[in-house]
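Okay, structure first, notes after.
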Amino acid sequence: MTELFAACSCFGLFMAVGSYQLARIINRRVGREICNPLLFATLLCGAVLLLTGTEYDVFYQNGGQVLEFLLTPATICLAIPLYKQFELLKKNAAAVLAGCTAGVLAHMAGCVLMLVLFKMEAAEYISLLPKSITTAIGKGLSEELGGYPAITMANIMLTGLFGAVAAPPLLKLFGIHDTLSQGLAIGTSSHAAGTSRAVQLGEVQGAASSLAIVVTGLLTVATAPLFARLVNF
């Protein structure tokens with residue numbers, strides 16, 4: 001099987017796209033959040049890697065580069081709902097800034113708590129700080145501050161997957177019915193992966209979540225260096 005992956009450089013790409021589409025079909029039939037296409041595709045591809053003993057680099061090869069290349073334009077496309085709901089977001093600019101600020105501070109406080117409870121090393125702690133922002137920013141920020149970019153990317157992926165799957169039931173559990181608040185909560189906590197789910201909830205949620213990605217990213221870049229210095233005390 002490993003030889004097959006090595007022979008077909010885009011096999012991983014085809015499998016990732018195919019498993020995602022399969023999950024969409026299952027999700028429409030089952031109607032459960034646990035069948036989230038992004039989660040399903042990730043678990044299926046991971047299972048194939050484990051069962052066949054195939055290295056990640058061999059599995060994706062050139063196909064992985066295609067996915068990475070498409071990441072930026074896919075993120076830019078999230079600006080479409082943002083443009084459509086610009087006036088609403090502009091009217092609630094103070095609420096947007098307050099919500100994103102609260103989310104970033106809560107995230108940073110959680111990282112500090114884990115630092116103390118688990119007696120983490122400095123690099124491990126720093127690697128967690130950018131986990132709620134998009135990969136394009138988080139990877140570079142982690143590397144610049146002295147963290148492990150690979151761990152940061154894994155945390156970003158897991159955070160996004162959790163947000164995409166758990167956001168709707170959590171919003172319902174805590175009684176958050178305002179569409180703007182729903183979008184801000186999802187985008188602030190689970191970046192682009194969560195935003196893909198927010199877009200499905202509605203245009204306002206998608207727009208608010210898209211804006212939250214930008215605001216949260218900027219706030220994290222500004223505050224992460226300050227929280228990173230805590231390991232020196």
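Each chain of the structure tokens is named A, B, ... in the order shown, its residues numbered from 1; ligands are numbered from 1 in display order.
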Can you check which parts of range 130-184 of chain A lie within 10 Å of range 225-232 of chain A? Per residue, the shortest pair of atoms and distance in Å to one decimal, counting only C-alpha atoms, sorted by chain and number, as a Markdown table.
| residue | atom | partner | partner_atom | distance |
| --- | --- | --- | --- | --- |
| A:Leu141 | CA | A:Pro225 | CA | 9.0 |
| A:Ser142 | CA | A:Pro225 | CA | 9.8 |
| A:Glu144 | CA | A:Pro225 | CA | 9.4 |
| A:Leu145 | CA | A:Pro225 | CA | 6.9 |
| A:Gly146 | CA | A:Ala228 | CA | 9.1 |
| A:Gly147 | CA | A:Ala228 | CA | 9.6 |
Can I get the selection written as a tab-separated table (two decimals), in the first residue's frame, with all heavy atoms?
chain	number	residue	atom	x	y	z
A	141	LEU	N	3.96	32.67	14.29
A	141	LEU	CA	4.02	33.26	15.63
A	141	LEU	C	4.67	32.30	16.61
A	141	LEU	O	5.51	32.71	17.43
A	141	LEU	CB	2.61	33.63	16.09
A	141	LEU	CG	2.50	34.27	17.47
A	141	LEU	CD1	3.26	35.60	17.51
A	141	LEU	CD2	1.03	34.50	17.83
A	142	SER	N	4.31	31.03	16.54
A	142	SER	CA	4.89	30.04	17.43
A	142	SER	C	6.40	29.93	17.22
A	142	SER	O	7.18	29.89	18.19
A	142	SER	CB	4.23	28.68	17.18
A	142	SER	OG	4.85	27.66	17.94
A	144	GLU	N	8.42	32.18	15.97
A	144	GLU	CA	9.09	33.42	16.37
A	144	GLU	C	9.26	33.52	17.89
A	144	GLU	O	10.28	34.02	18.37
A	144	GLU	CB	8.29	34.62	15.87
A	144	GLU	CG	8.92	35.96	16.19
A	144	GLU	CD	8.11	37.13	15.65
A	144	GLU	OE1	7.24	36.90	14.79
A	144	GLU	OE2	8.37	38.28	16.08
A	145	LEU	N	8.27	33.02	18.64
A	145	LEU	CA	8.31	33.13	20.10
A	145	LEU	C	9.11	32.01	20.75
A	145	LEU	O	9.36	32.04	21.95
A	145	LEU	CB	6.89	33.12	20.66
A	145	LEU	CG	6.00	34.32	20.28
A	145	LEU	CD1	4.61	34.16	20.86
A	145	LEU	CD2	6.64	35.62	20.77
A	146	GLY	N	9.50	31.01	19.97
A	146	GLY	CA	10.31	29.92	20.52
A	146	GLY	C	9.53	28.66	20.82
A	146	GLY	O	10.00	27.81	21.59
A	147	GLY	N	8.37	28.50	20.21
A	147	GLY	CA	7.57	27.30	20.41
A	147	GLY	C	7.89	26.24	19.38
A	147	GLY	O	8.84	26.37	18.59
Contacts of Gly194 in chain A at 9 Å (only C-alpha atoms; same-chain gap of 3+ positions) as a ChimeraX atom specification: /A:159-165,167,186-187,189-191,197-199,209
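Contact shell of range 212-220 of chain A at 7 Å (only C-alpha atoms; same-chain neighbours under 6 positions omitted): A:Cys100, A:Val104, A:Pro130, A:Ile133, A:Leu184, A:Gly187, A:Thr188, A:His191.
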Would you output that residue set with N, CA, C and O atoms, as a tab-separated table (two decimals), in the first residue's frame?
chain	number	residue	atom	x	y	z
A	100	CYS	N	-14.23	39.62	20.88
A	100	CYS	CA	-12.96	39.02	20.47
A	100	CYS	C	-11.89	39.18	21.55
A	100	CYS	O	-11.10	38.27	21.81
A	104	VAL	N	-9.92	36.13	23.44
A	104	VAL	CA	-8.46	36.00	23.42
A	104	VAL	C	-7.91	35.94	24.85
A	104	VAL	O	-7.05	35.11	25.16
A	130	PRO	N	-0.90	30.26	20.25
A	130	PRO	CA	-1.59	30.62	19.00
A	130	PRO	C	-2.62	29.60	18.53
A	130	PRO	O	-3.01	29.62	17.37
A	133	ILE	N	-6.00	30.66	16.50
A	133	ILE	CA	-5.96	31.53	15.32
A	133	ILE	C	-5.63	30.68	14.09
A	133	ILE	O	-5.25	29.51	14.22
A	184	LEU	N	-19.36	35.31	16.43
A	184	LEU	CA	-18.17	35.79	17.12
A	184	LEU	C	-17.57	34.70	18.00
A	184	LEU	O	-16.35	34.53	18.05
A	187	GLY	N	-15.85	32.03	15.58
A	187	GLY	CA	-14.65	32.53	14.93
A	187	GLY	C	-13.52	32.81	15.89
A	187	GLY	O	-12.34	32.57	15.59
A	188	THR	N	-13.84	33.32	17.08
A	188	THR	CA	-12.82	33.64	18.08
A	188	THR	C	-12.16	32.40	18.63
A	188	THR	O	-10.96	32.40	18.92
A	191	HIS	N	-11.30	29.58	14.69
A	191	HIS	CA	-10.78	30.11	13.42
A	191	HIS	C	-11.51	29.62	12.17
A	191	HIS	O	-12.73	29.50	12.17
Do a neighbour search on range 41-54 of chain A at 6 Å with only C-alpha atoms, toss out local chain neighbours closer than 3 positions, and write the hits as a short mmCIF file (atom, residue, chain, number, x, y, z; two decimals) with N, CA and C atoms, in the first residue's frame.
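Output (part.cif):
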data_model
loop_
_atom_site.label_atom_id
_atom_site.label_comp_id
_atom_site.auth_asym_id
_atom_site.auth_seq_id
_atom_site.Cartn_x
_atom_site.Cartn_y
_atom_site.Cartn_z
N THR A 2 1.96 1.20 0.76
CA THR A 2 2.87 2.35 0.80
C THR A 2 3.42 2.65 -0.59
N SER A 19 -13.05 11.46 0.86
CA SER A 19 -13.60 11.15 2.18
C SER A 19 -14.43 12.30 2.70
N TYR A 20 -14.05 13.52 2.35
CA TYR A 20 -14.83 14.69 2.77
C TYR A 20 -16.20 14.67 2.11
N PRO A 37 -18.05 16.59 8.28
CA PRO A 37 -17.17 16.14 7.19
C PRO A 37 -15.68 16.34 7.47
N LEU A 38 -15.33 17.47 8.08
CA LEU A 38 -13.93 17.74 8.35
C LEU A 38 -13.37 16.74 9.35
#
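For the atom pair formed by CA of Gln205 in chain A and CA of Ala136 in chain A, the distance is 22.3 Å, given to one decimal.
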As a PyMOL selection string, which residues of range 25-193 of chain A does DSSP assign to helix (DSSP H, G or I)? chain A and resi 25-30+33-35+37-52+56-76+79-84+86-91+93-117+122-128+135-145+149-173+179-193
Dump C-alpha atoms for the selected residues as a tab-separated table (two decimals), in the first residue's frame?
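What follows is the written file selection.tsv:
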chain	number	residue	atom	x	y	z
A	25	ILE	CA	-23.44	12.52	2.11
A	26	ILE	CA	-23.48	10.64	5.42
A	27	ASN	CA	-24.00	13.87	7.35
A	28	ARG	CA	-27.05	14.77	5.25
A	29	ARG	CA	-28.57	11.35	5.85
A	30	VAL	CA	-27.73	11.05	9.55
A	33	GLU	CA	-22.78	16.85	14.28
A	34	ILE	CA	-20.50	13.92	15.05
A	35	CYS	CA	-20.50	13.17	11.31
A	37	PRO	CA	-17.17	16.14	7.19
A	38	LEU	CA	-13.93	17.74	8.35
A	39	LEU	CA	-13.71	15.46	11.39
A	40	PHE	CA	-14.69	12.36	9.40
A	41	ALA	CA	-12.12	13.02	6.65
A	42	THR	CA	-9.36	13.67	9.17
A	43	LEU	CA	-10.03	10.49	11.12
A	44	LEU	CA	-10.32	8.37	7.97
A	45	CYS	CA	-7.05	9.63	6.48
A	46	GLY	CA	-5.33	9.23	9.85
A	47	ALA	CA	-6.59	5.66	10.11
A	48	VAL	CA	-5.20	4.86	6.66
A	49	LEU	CA	-1.80	6.21	7.66
A	50	LEU	CA	-1.75	4.11	10.84
A	51	LEU	CA	-3.02	0.88	9.27
A	52	THR	CA	-0.63	1.00	6.32
A	56	TYR	CA	2.72	11.56	6.27
A	57	ASP	CA	5.12	12.97	3.66
A	58	VAL	CA	4.70	9.90	1.44
A	59	PHE	CA	0.91	9.96	1.78
A	60	TYR	CA	0.45	13.54	0.60
A	61	GLN	CA	3.60	14.47	-1.31
A	62	ASN	CA	2.60	16.87	-4.11
A	63	GLY	CA	-1.08	16.59	-3.20
A	64	GLY	CA	-0.40	18.12	0.20
A	65	GLN	CA	1.23	21.09	-1.48
A	66	VAL	CA	-1.93	21.62	-3.51
A	67	LEU	CA	-4.05	21.64	-0.35
A	68	GLU	CA	-1.66	24.07	1.32
A	69	PHE	CA	-1.74	26.33	-1.74
A	70	LEU	CA	-5.56	26.38	-1.72
A	71	LEU	CA	-5.68	27.26	1.99
A	72	THR	CA	-5.08	30.97	1.40
A	73	PRO	CA	-7.71	31.54	-1.33
A	74	ALA	CA	-10.20	29.42	0.65
A	75	THR	CA	-9.68	31.68	3.66
A	76	ILE	CA	-10.05	34.78	1.49
A	79	ALA	CA	-14.71	37.57	3.12
A	80	ILE	CA	-17.82	37.15	0.94
A	81	PRO	CA	-20.31	36.89	3.85
A	82	LEU	CA	-18.29	39.58	5.61
A	83	TYR	CA	-18.89	41.94	2.69
A	84	LYS	CA	-22.61	41.15	2.59
A	86	PHE	CA	-20.63	44.83	6.47
A	87	GLU	CA	-23.17	47.39	7.68
A	88	LEU	CA	-24.40	45.16	10.49
A	89	LEU	CA	-20.86	44.46	11.65
A	90	LYS	CA	-19.93	48.12	11.42
A	91	LYS	CA	-22.94	49.03	13.54
A	93	ALA	CA	-18.11	47.26	16.02
A	94	ALA	CA	-17.80	47.77	19.78
A	95	ALA	CA	-19.48	44.46	20.51
A	96	VAL	CA	-17.24	42.70	17.98
A	97	LEU	CA	-14.07	44.11	19.56
A	98	ALA	CA	-15.25	43.36	23.10
A	99	GLY	CA	-16.24	39.80	22.23
A	100	CYS	CA	-12.96	39.02	20.47
A	101	THR	CA	-10.92	40.60	23.26
A	102	ALA	CA	-12.74	38.56	25.89
A	103	GLY	CA	-12.19	35.40	23.86
A	104	VAL	CA	-8.46	36.00	23.42
A	105	LEU	CA	-7.95	36.82	27.11
A	106	ALA	CA	-9.91	33.74	28.16
A	107	HIS	CA	-7.75	31.61	25.85
A	108	MET	CA	-4.52	33.09	27.17
A	109	ALA	CA	-5.68	32.61	30.76
A	110	GLY	CA	-6.41	28.96	29.98
A	111	CYS	CA	-2.88	28.49	28.63
A	112	VAL	CA	-1.40	30.06	31.77
A	113	LEU	CA	-3.53	27.74	33.89
A	114	MET	CA	-2.21	24.70	32.00
A	115	LEU	CA	1.34	26.04	32.40
A	116	VAL	CA	0.93	26.08	36.18
A	117	LEU	CA	-1.07	22.86	36.59
A	122	ALA	CA	8.49	27.07	28.09
A	123	ALA	CA	8.41	25.90	24.46
A	124	GLU	CA	5.38	23.67	25.11
A	125	TYR	CA	3.47	26.50	26.75
A	126	ILE	CA	4.35	28.94	23.97
A	127	SER	CA	3.20	26.40	21.37
A	128	LEU	CA	-0.31	26.57	22.83
A	135	THR	CA	-2.61	28.33	10.70
A	136	ALA	CA	-1.08	30.98	8.43
A	137	ILE	CA	-0.51	33.24	11.46
A	138	GLY	CA	-0.16	30.70	14.24
A	139	LYS	CA	2.72	28.73	12.74
A	140	GLY	CA	4.91	31.79	12.22
A	141	LEU	CA	4.02	33.26	15.63
A	142	SER	CA	4.89	30.04	17.43
A	143	GLU	CA	8.24	29.78	15.66
A	144	GLU	CA	9.09	33.42	16.37
A	145	LEU	CA	8.31	33.13	20.10
A	149	PRO	CA	5.41	24.95	15.13
A	150	ALA	CA	4.43	21.30	14.60
A	151	ILE	CA	2.70	21.16	17.99
A	152	THR	CA	1.05	24.50	17.31
A	153	MET	CA	-0.33	23.31	13.98
A	154	ALA	CA	-1.66	20.13	15.61
A	155	ASN	CA	-3.36	22.19	18.30
A	156	ILE	CA	-4.81	24.57	15.73
A	157	MET	CA	-6.23	21.63	13.79
A	158	LEU	CA	-7.74	20.01	16.90
A	159	THR	CA	-9.18	23.32	18.08
A	160	GLY	CA	-10.80	23.93	14.71
A	161	LEU	CA	-12.21	20.41	14.53
A	162	PHE	CA	-13.65	20.67	18.02
A	163	GLY	CA	-15.23	24.02	17.21
A	164	ALA	CA	-16.73	22.78	13.96
A	165	VAL	CA	-18.29	19.77	15.69
A	166	ALA	CA	-19.17	21.10	19.14
A	167	ALA	CA	-20.11	24.74	18.45
A	168	PRO	CA	-23.83	24.25	17.60
A	169	PRO	CA	-24.66	22.06	20.63
A	170	LEU	CA	-22.61	24.28	22.95
A	171	LEU	CA	-24.40	27.40	21.70
A	172	LYS	CA	-27.69	25.67	22.36
A	173	LEU	CA	-26.56	24.45	25.78
A	179	THR	CA	-26.75	35.32	15.49
A	180	LEU	CA	-23.95	37.88	15.82
A	181	SER	CA	-22.85	36.44	19.16
A	182	GLN	CA	-22.88	32.93	17.74
A	183	GLY	CA	-20.58	33.90	14.88
A	184	LEU	CA	-18.17	35.79	17.12
A	185	ALA	CA	-17.94	32.89	19.56
A	186	ILE	CA	-17.17	30.39	16.81
A	187	GLY	CA	-14.65	32.53	14.93
A	188	THR	CA	-12.82	33.64	18.08
A	189	SER	CA	-12.38	30.13	19.41
A	190	SER	CA	-12.00	27.93	16.33
A	191	HIS	CA	-10.78	30.11	13.42
A	192	ALA	CA	-11.40	29.03	9.80
A	193	ALA	CA	-12.49	25.44	10.50
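Counting from CA of Glu203 in chain A, the distance to CA of Gln85 in chain A is 7.6 Å.
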If you measure from CA of Gln200 in chain A to CA of Ala16 in chain A, what distance in Å do you get, rounded to one decimal?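 Separation of CA of Gln200 in chain A and CA of Ala16 in chain A: 20.8 Å.
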